[in-house]
Structures are given as C-alpha cells and as structure tokens.
Amino acid sequence: MKRFHRLWQLSLFSFILAAITGFLYRYGMLYPLPELFHFANIRHAHSHLMFFNWVCPPLMILMIQHLSKNGKIDGLKSFKWCLSVMILLGFLSYPFFLFYGYQPVSIGSANLPLAAIISGLVMITWYWFAWLYFKLEERDSASVAHMMFDAALLVLLISSLGAWGVSIFQFTTIDSPQVSSAMTHFFLSVFTEGWTILGVLGVIWAKAGSVEFKPGTGWFWMPILFGSMMIFPFSLTQSLITPAMLYTAYAGLILIILSFSLNLYLLIKQKALKGFVGHTVFFLAALIIFFKLAAVLPNDIWPGEHSLRVLYLHVLLLGFFSLAIIELIHQNTPQWMKKSFTGSALLVILSLIMVSGYWPSVLVPPNIFFWLMVVAGLPVVAAVLLWIDTFRNQYH
C-alpha cells in the first residue's frame, strides 16, 4: 500500500540500525570497544529497536492493508500518525538504551530513567493503534486472518502488562530480582510467542485468500494466545522454578505446538507462500515447532539457556518473522535481493547453532567467533539493498 511506503522505509532502516548494533556486539567480543559502550546496553539497544520499530509497525501496516475494503480505510490519517509517532519514539529510545541502558540519566538535578520512560510511551502508541483498529467497522470476523489479527493485538496489549510491571517495580522498596525477571520474561514470551506468531500467521492467512473455517476456529489462535502467557518460566533460572510453574510452562508449550502445527499444515496445503523465500518461511516455522518439541521431551534441554535462547529468538525474529514480512511486502523487488536476505538470515542462524553447545565440536570451524562476527554483518548488507530498492519501487 503506497500510502504507508515512507513508514516501511523507516521501519526497514530500523532493522539496518539494529543489525549494525548486533554486529557491534559481536565485534566487541573480539576487539576492544570504546569505554562508553557496554555489552548489556548494546544488547538492550539492539533488541528494543527490533521490537519497537521492526516487529510492530510492519505487522500493523499489513493488518490495516488487509482489513481495508476497496482500498479505503476509515481514519487512514490517524493510523499514519499513530505509526509515525511509534517509529519516532523507537528511534528516540535507541541512543538512551545504547549509552545508558536502564540506568537513570542526569538532567539538571533530576535522574530520570529515560529509556524506560520512552519505552512506556511506545507502549501507549500500541494502545492508540488498538483503539483505532477496533473502531473499524469493516472487519470480517469470520475470516481466519481477521481473527488472528484480533487475537494478536489483544496479546500485544497483554504483553505490555509485564513491561509496565517492571517499570513500576523499580519504584518500590521490594528487593527481589526474581519478581522483576519474571515480569520481564512474561513480556518477552507473550510478545514473541503471541503477538509475533499470531501476527505473522494472520498476514499469511490474508495472503492465502478469503478462507473461512467456522467449526473449531478457536484452535487457530486460542492455544497460542493462552500458551504464550504460560511459558515464561522457561526463561527463568531452572533452580527457581517450582513443579507447578514447570508443568504450567509445559502445558503452554504443548498448546502452542498444537495450534502452530495446525496452522502450518493448512497454510502449506493452501500454498499460501511460494518460491524459495516462502518455502524457507515454512521451514523455519517447522524448526520453531521442533525447538518447542525438544523442550517438551525429557532430554535435559532448558529453553532459557542463554545460547539456546539467543538462537531461538533469531530463528523466530530474524528468520520466520523477517522473511515473511519481506516476502509479503517486497512483491516488486528482484528475487535475488530477497534470496540474498534469506541466505544471510540462514547463515546467521547456522552460525548460532554452531555455538549453541549442541553442534558437534569437530564440525565447528576454527576462529568461529570471528566468523560469527562476519556473518552478523551479512543481513546489514542485504537489508541495505532492499532499502535502496524502496526508493526505486513502491513496495506494494
């Protein structure tokens, strides 16, 4: 949709900036960085810019696009304002996360946690978008895509409760890192497993066409919605987990596996995505399901282990999410550009598998962390090519 072209360009530029930050993190593991950079802050800047400006606006643009009828949208200007403010705040938060993290910033006589404050403002734009979205009167509630959109937006709002909890907890006298960690991981789990997966499935279903399944339609989204709120204990330290929390997390994981597998089977059957990029999206969706199955089976794999957590997030966000979004938006882009981005994402994922601890050591190349740094720069190059192409082509 040409009316959102500039916003897409800004969102894609956010990906480039976040990917450069990820490369900086890998560079810092091998070579000294200036004193103003700290690993934790670099990681926060990388992840928050990805969440705020990459994972949210493109999905919202596609949601609006597919909910419009005859190319007309009530309140189009309001949607554009909302998304513009959302992206602007995402960019504004970046330098504060990069240089200060969650630490207070001195402004005159006051010390303010500016990164946390701006994050709160970003979440308010999520509420603003939800209010505009649910005001639309042209939504077809019988469509699988539209049900997915409703559920994805609902779970995005639920995820924000965990982030608000972290912010509020900072101003209390309670000294409990476990509570703060639980709230943080509740947000992350619901955001990634709920909003991201449901949103991507929704836009793929929209691409598949006007498919309606009236009997048992709740199985398409309800298990993912509720499961995403149950699995956050997997991100906590294993020694802190009670048996009740563990069984709840397992139950949530099984719910997500069942629903995600059903959607994947039917979307493949519908041939919703085609070609190398589309087939790679489906492959990565199957890989996500495999990760979840591995966590359910009794094989001593803990999903919260740092190396596995990093690998999984890249499979989900750099792989499944990013490739689906680019395939659906860049329909006028030369195939070699999209294949280049796909190849770079797959190489990053492969490199992370090699350092996950579950790859045969004899197959790990020498100087693996140097190659990890090099590979981390490939998505930057591929995304820059796509970004340059947006000045030549309207993306849809």
# chains A, B, ... in the order shown; residues from 1 in each chain; ligands from 1
>>> residues_around(residues="A:Phe369", least_positions_apart="2", cutoff="8 Å", atoms="only C-alpha atoms", output="PyMOL selection string")
chain A and resi 26+29-30+367+371-373
>>> write_last_selection(atoms="N, CA and C atoms", output="tab-separated table (two decimals), in the first residue's frame")
chain	number	residue	atom	x	y	z
A	26	ARG	N	28.96	-8.37	18.39
A	26	ARG	CA	29.86	-9.47	18.03
A	26	ARG	C	31.30	-8.96	17.89
A	29	MET	N	33.08	-8.70	21.17
A	29	MET	CA	33.51	-9.96	21.77
A	29	MET	C	34.94	-10.32	21.37
A	30	LEU	N	35.44	-9.67	20.31
A	30	LEU	CA	36.78	-9.98	19.80
A	30	LEU	C	37.76	-8.82	19.97
A	367	ASN	N	38.36	-20.42	14.66
A	367	ASN	CA	38.04	-18.99	14.79
A	367	ASN	C	36.54	-18.73	14.60
A	371	TRP	N	34.14	-15.66	12.61
A	371	TRP	CA	33.16	-15.88	11.54
A	371	TRP	C	31.76	-15.51	11.99
A	372	LEU	N	31.50	-15.66	13.29
A	372	LEU	CA	30.21	-15.23	13.83
A	372	LEU	C	30.03	-13.72	13.63
A	373	MET	N	31.12	-12.97	13.85
A	373	MET	CA	31.09	-11.53	13.65
A	373	MET	C	30.88	-11.19	12.16
>>> select_by_dssp(residues="stretch 131-314 of chain A", states="helix (DSSP H, G or I)", output="JSON, numbers by chain")
{"A": [131, 132, 133, 134, 135, 144, 145, 146, 147, 148, 149, 150, 151, 152, 153, 154, 155, 156, 157, 158, 159, 160, 161, 162, 163, 164, 165, 166, 167, 168, 169, 177, 178, 179, 180, 181, 182, 183, 184, 185, 186, 187, 188, 189, 190, 191, 192, 193, 194, 195, 196, 197, 198, 199, 200, 201, 202, 203, 204, 205, 206, 207, 208, 217, 218, 219, 220, 222, 223, 224, 225, 226, 227, 228, 232, 233, 234, 235, 238, 239, 240, 243, 244, 245, 246, 247, 248, 249, 250, 251, 252, 253, 254, 255, 256, 257, 258, 259, 260, 261, 262, 263, 264, 265, 266, 267, 268, 269, 270, 275, 276, 277, 278, 279, 280, 281, 282, 283, 284, 285, 286, 287, 288, 289, 290, 291, 292, 293, 294, 295, 296, 306, 307, 308, 309, 310, 311, 312, 313, 314]}
>>> write_last_selection(atoms="C-alpha atoms", output="CSV table (one decimal), in the first residue's frame")
chain,number,residue,atom,x,y,z
A,131,TRP,CA,-8.2,1.8,19.7
A,132,LEU,CA,-8.1,2.8,16.1
A,133,TYR,CA,-8.2,-0.8,14.9
A,134,PHE,CA,-11.1,-1.9,17.0
A,135,LYS,CA,-13.1,1.1,15.8
A,144,VAL,CA,-9.2,-16.6,9.8
A,145,ALA,CA,-6.9,-13.8,9.1
A,146,HIS,CA,-9.0,-11.2,10.9
A,147,MET,CA,-9.5,-13.5,13.9
A,148,MET,CA,-5.7,-13.8,14.0
A,149,PHE,CA,-5.3,-10.1,13.9
A,150,ASP,CA,-7.8,-9.6,16.7
A,151,ALA,CA,-6.0,-12.2,18.9
A,152,ALA,CA,-2.5,-10.8,18.0
A,153,LEU,CA,-3.5,-7.3,19.0
A,154,LEU,CA,-5.1,-8.5,22.2
A,155,VAL,CA,-2.0,-10.4,23.2
A,156,LEU,CA,0.2,-7.4,22.4
A,157,LEU,CA,-1.7,-5.4,24.9
A,158,ILE,CA,-1.5,-8.2,27.5
A,159,SER,CA,2.3,-8.4,27.0
A,160,SER,CA,2.6,-4.7,27.9
A,161,LEU,CA,1.4,-5.5,31.4
A,162,GLY,CA,4.7,-7.3,32.1
A,163,ALA,CA,6.7,-4.3,30.9
A,164,TRP,CA,4.6,-1.9,33.0
A,165,GLY,CA,5.2,-4.2,35.9
A,166,VAL,CA,8.9,-4.0,35.5
A,167,SER,CA,8.7,-0.2,35.4
A,168,ILE,CA,6.5,0.1,38.5
A,169,PHE,CA,8.6,-2.5,40.4
A,177,PRO,CA,15.3,-9.8,41.3
A,178,GLN,CA,13.2,-12.9,40.7
A,179,VAL,CA,10.0,-10.9,40.5
A,180,SER,CA,11.5,-8.3,38.1
A,181,SER,CA,12.9,-11.1,36.0
A,182,ALA,CA,9.6,-12.9,35.9
A,183,MET,CA,7.8,-9.8,34.7
A,184,THR,CA,10.4,-9.1,32.0
A,185,HIS,CA,10.2,-12.6,30.7
A,186,PHE,CA,6.4,-12.6,30.8
A,187,PHE,CA,6.5,-9.6,28.4
A,188,LEU,CA,9.1,-11.3,26.2
A,189,SER,CA,7.3,-14.6,26.0
A,190,VAL,CA,3.9,-13.1,25.3
A,191,PHE,CA,5.3,-10.6,22.8
A,192,THR,CA,7.3,-13.1,20.8
A,193,GLU,CA,5.1,-16.2,21.1
A,194,GLY,CA,1.8,-14.4,21.0
A,195,TRP,CA,2.0,-11.1,19.1
A,196,THR,CA,4.7,-12.2,16.6
A,197,ILE,CA,3.5,-15.7,15.8
A,198,LEU,CA,-0.2,-14.8,15.6
A,199,GLY,CA,0.5,-11.6,13.6
A,200,VAL,CA,2.6,-13.4,11.0
A,201,LEU,CA,0.1,-16.3,10.7
A,202,GLY,CA,-2.6,-13.6,10.3
A,203,VAL,CA,-0.8,-11.9,7.4
A,204,ILE,CA,0.0,-15.2,5.7
A,205,TRP,CA,-3.7,-16.3,6.0
A,206,ALA,CA,-4.6,-12.9,4.5
A,207,LYS,CA,-2.3,-13.7,1.6
A,208,ALA,CA,-3.9,-17.2,1.2
A,217,THR,CA,-11.8,-21.8,14.6
A,218,GLY,CA,-10.6,-21.2,18.1
A,219,TRP,CA,-7.9,-23.8,17.6
A,220,PHE,CA,-6.2,-21.4,15.1
A,222,MET,CA,-6.7,-19.6,21.3
A,223,PRO,CA,-4.0,-22.1,22.2
A,224,ILE,CA,-1.2,-19.7,21.1
A,225,LEU,CA,-2.8,-16.8,22.9
A,226,PHE,CA,-3.1,-18.7,26.2
A,227,GLY,CA,0.1,-20.7,25.8
A,228,SER,CA,2.2,-17.6,25.3
A,232,PHE,CA,7.6,-17.5,30.7
A,233,PRO,CA,9.0,-19.8,33.5
A,234,PHE,CA,11.2,-21.4,30.8
A,235,SER,CA,13.2,-18.2,30.6
A,238,GLN,CA,15.9,-23.5,36.4
A,239,SER,CA,16.6,-23.8,40.1
A,240,LEU,CA,14.0,-21.1,40.9
A,243,PRO,CA,7.0,-28.0,39.9
A,244,ALA,CA,3.7,-26.2,39.4
A,245,MET,CA,5.4,-23.5,37.3
A,246,LEU,CA,7.2,-26.1,35.3
A,247,TYR,CA,4.0,-28.1,34.5
A,248,THR,CA,2.2,-24.9,33.6
A,249,ALA,CA,5.0,-24.0,31.2
A,250,TYR,CA,4.9,-27.4,29.6
A,251,ALA,CA,1.2,-27.2,29.1
A,252,GLY,CA,1.6,-23.8,27.5
A,253,LEU,CA,4.2,-25.1,25.2
A,254,ILE,CA,2.1,-28.0,24.1
A,255,LEU,CA,-0.8,-25.7,23.4
A,256,ILE,CA,1.4,-23.5,21.1
A,257,ILE,CA,2.8,-26.6,19.3
A,258,LEU,CA,-0.7,-28.0,18.6
A,259,SER,CA,-2.1,-24.7,17.2
A,260,PHE,CA,1.1,-23.7,15.3
A,261,SER,CA,1.3,-27.1,13.7
A,262,LEU,CA,-2.4,-26.9,12.6
A,263,ASN,CA,-1.8,-23.5,11.0
A,264,LEU,CA,1.4,-24.6,9.3
A,265,TYR,CA,-0.2,-27.7,7.9
A,266,LEU,CA,-3.2,-25.9,6.4
A,267,LEU,CA,-1.1,-23.0,5.1
A,268,ILE,CA,1.2,-25.4,3.3
A,269,LYS,CA,-1.8,-27.2,1.9
A,270,GLN,CA,-3.2,-23.8,0.7
A,275,GLY,CA,9.2,-19.9,-4.0
A,276,PHE,CA,12.5,-20.1,-2.2
A,277,VAL,CA,11.7,-17.4,0.4
A,278,GLY,CA,8.2,-18.6,1.1
A,279,HIS,CA,9.3,-22.2,1.5
A,280,THR,CA,12.1,-21.0,3.8
A,281,VAL,CA,9.4,-19.3,6.0
A,282,PHE,CA,7.6,-22.6,6.3
A,283,PHE,CA,10.8,-24.5,7.0
A,284,LEU,CA,11.7,-22.1,9.8
A,285,ALA,CA,8.2,-22.4,11.2
A,286,ALA,CA,8.7,-26.2,11.3
A,287,LEU,CA,12.1,-25.5,13.0
A,288,ILE,CA,10.4,-23.4,15.7
A,289,ILE,CA,7.9,-26.3,16.3
A,290,PHE,CA,10.9,-28.7,16.6
A,291,PHE,CA,12.6,-26.4,19.2
A,292,LYS,CA,9.4,-26.5,21.2
A,293,LEU,CA,9.1,-30.3,21.0
A,294,ALA,CA,12.7,-30.6,22.1
A,295,ALA,CA,11.9,-28.6,25.2
A,296,VAL,CA,8.8,-30.8,26.0
A,306,HIS,CA,21.4,-18.3,27.0
A,307,SER,CA,22.8,-19.8,23.9
A,308,LEU,CA,19.6,-21.6,23.0
A,309,ARG,CA,17.5,-18.5,23.9
A,310,VAL,CA,19.6,-16.3,21.5
A,311,LEU,CA,19.4,-19.0,18.8
A,312,TYR,CA,15.6,-19.4,19.1
A,313,LEU,CA,15.0,-15.6,19.0
A,314,HIS,CA,17.0,-15.3,15.8
>>> residues_around(residues="A:Met50", least_positions_apart="4", cutoff="10 Å", atoms="only C-alpha atoms", output="list of chain:residue names")
A:Ser11, A:Ser14, A:Phe15, A:Ile16, A:Leu17, A:Ala18, A:Ala19, A:His44, A:Ala45, A:His46, A:Trp54, A:Val55, A:Cys56, A:Gly90, A:Leu317, A:Leu318
>>> select_by_dssp(residues="stretch 77-160 of chain A", states="strand (DSSP E)", output="list in words")
Val105, Ser106, Ile107, Ala110, Asn111 and Leu112 of chain A
>>> write_last_selection(atoms="C-alpha atoms", output="JSON list (two decimals), in the first residue's frame")
[["chain", "number", "residue", "atom", "x", "y", "z"],
["A", 105, "VAL", "CA", 20.18, 9.88, 33.04],
["A", 106, "SER", "CA", 21.15, 13.12, 34.83],
["A", 107, "ILE", "CA", 19.10, 16.10, 33.63],
["A", 110, "ALA", "CA", 17.00, 15.06, 38.35],
["A", 111, "ASN", "CA", 17.95, 11.47, 37.50],
["A", 112, "LEU", "CA", 15.43, 10.03, 35.08]]
>>> atom_distance(atom1="atom CA of A:Gly28", atom2="atom CA of A:Gly377")
13.4 Å
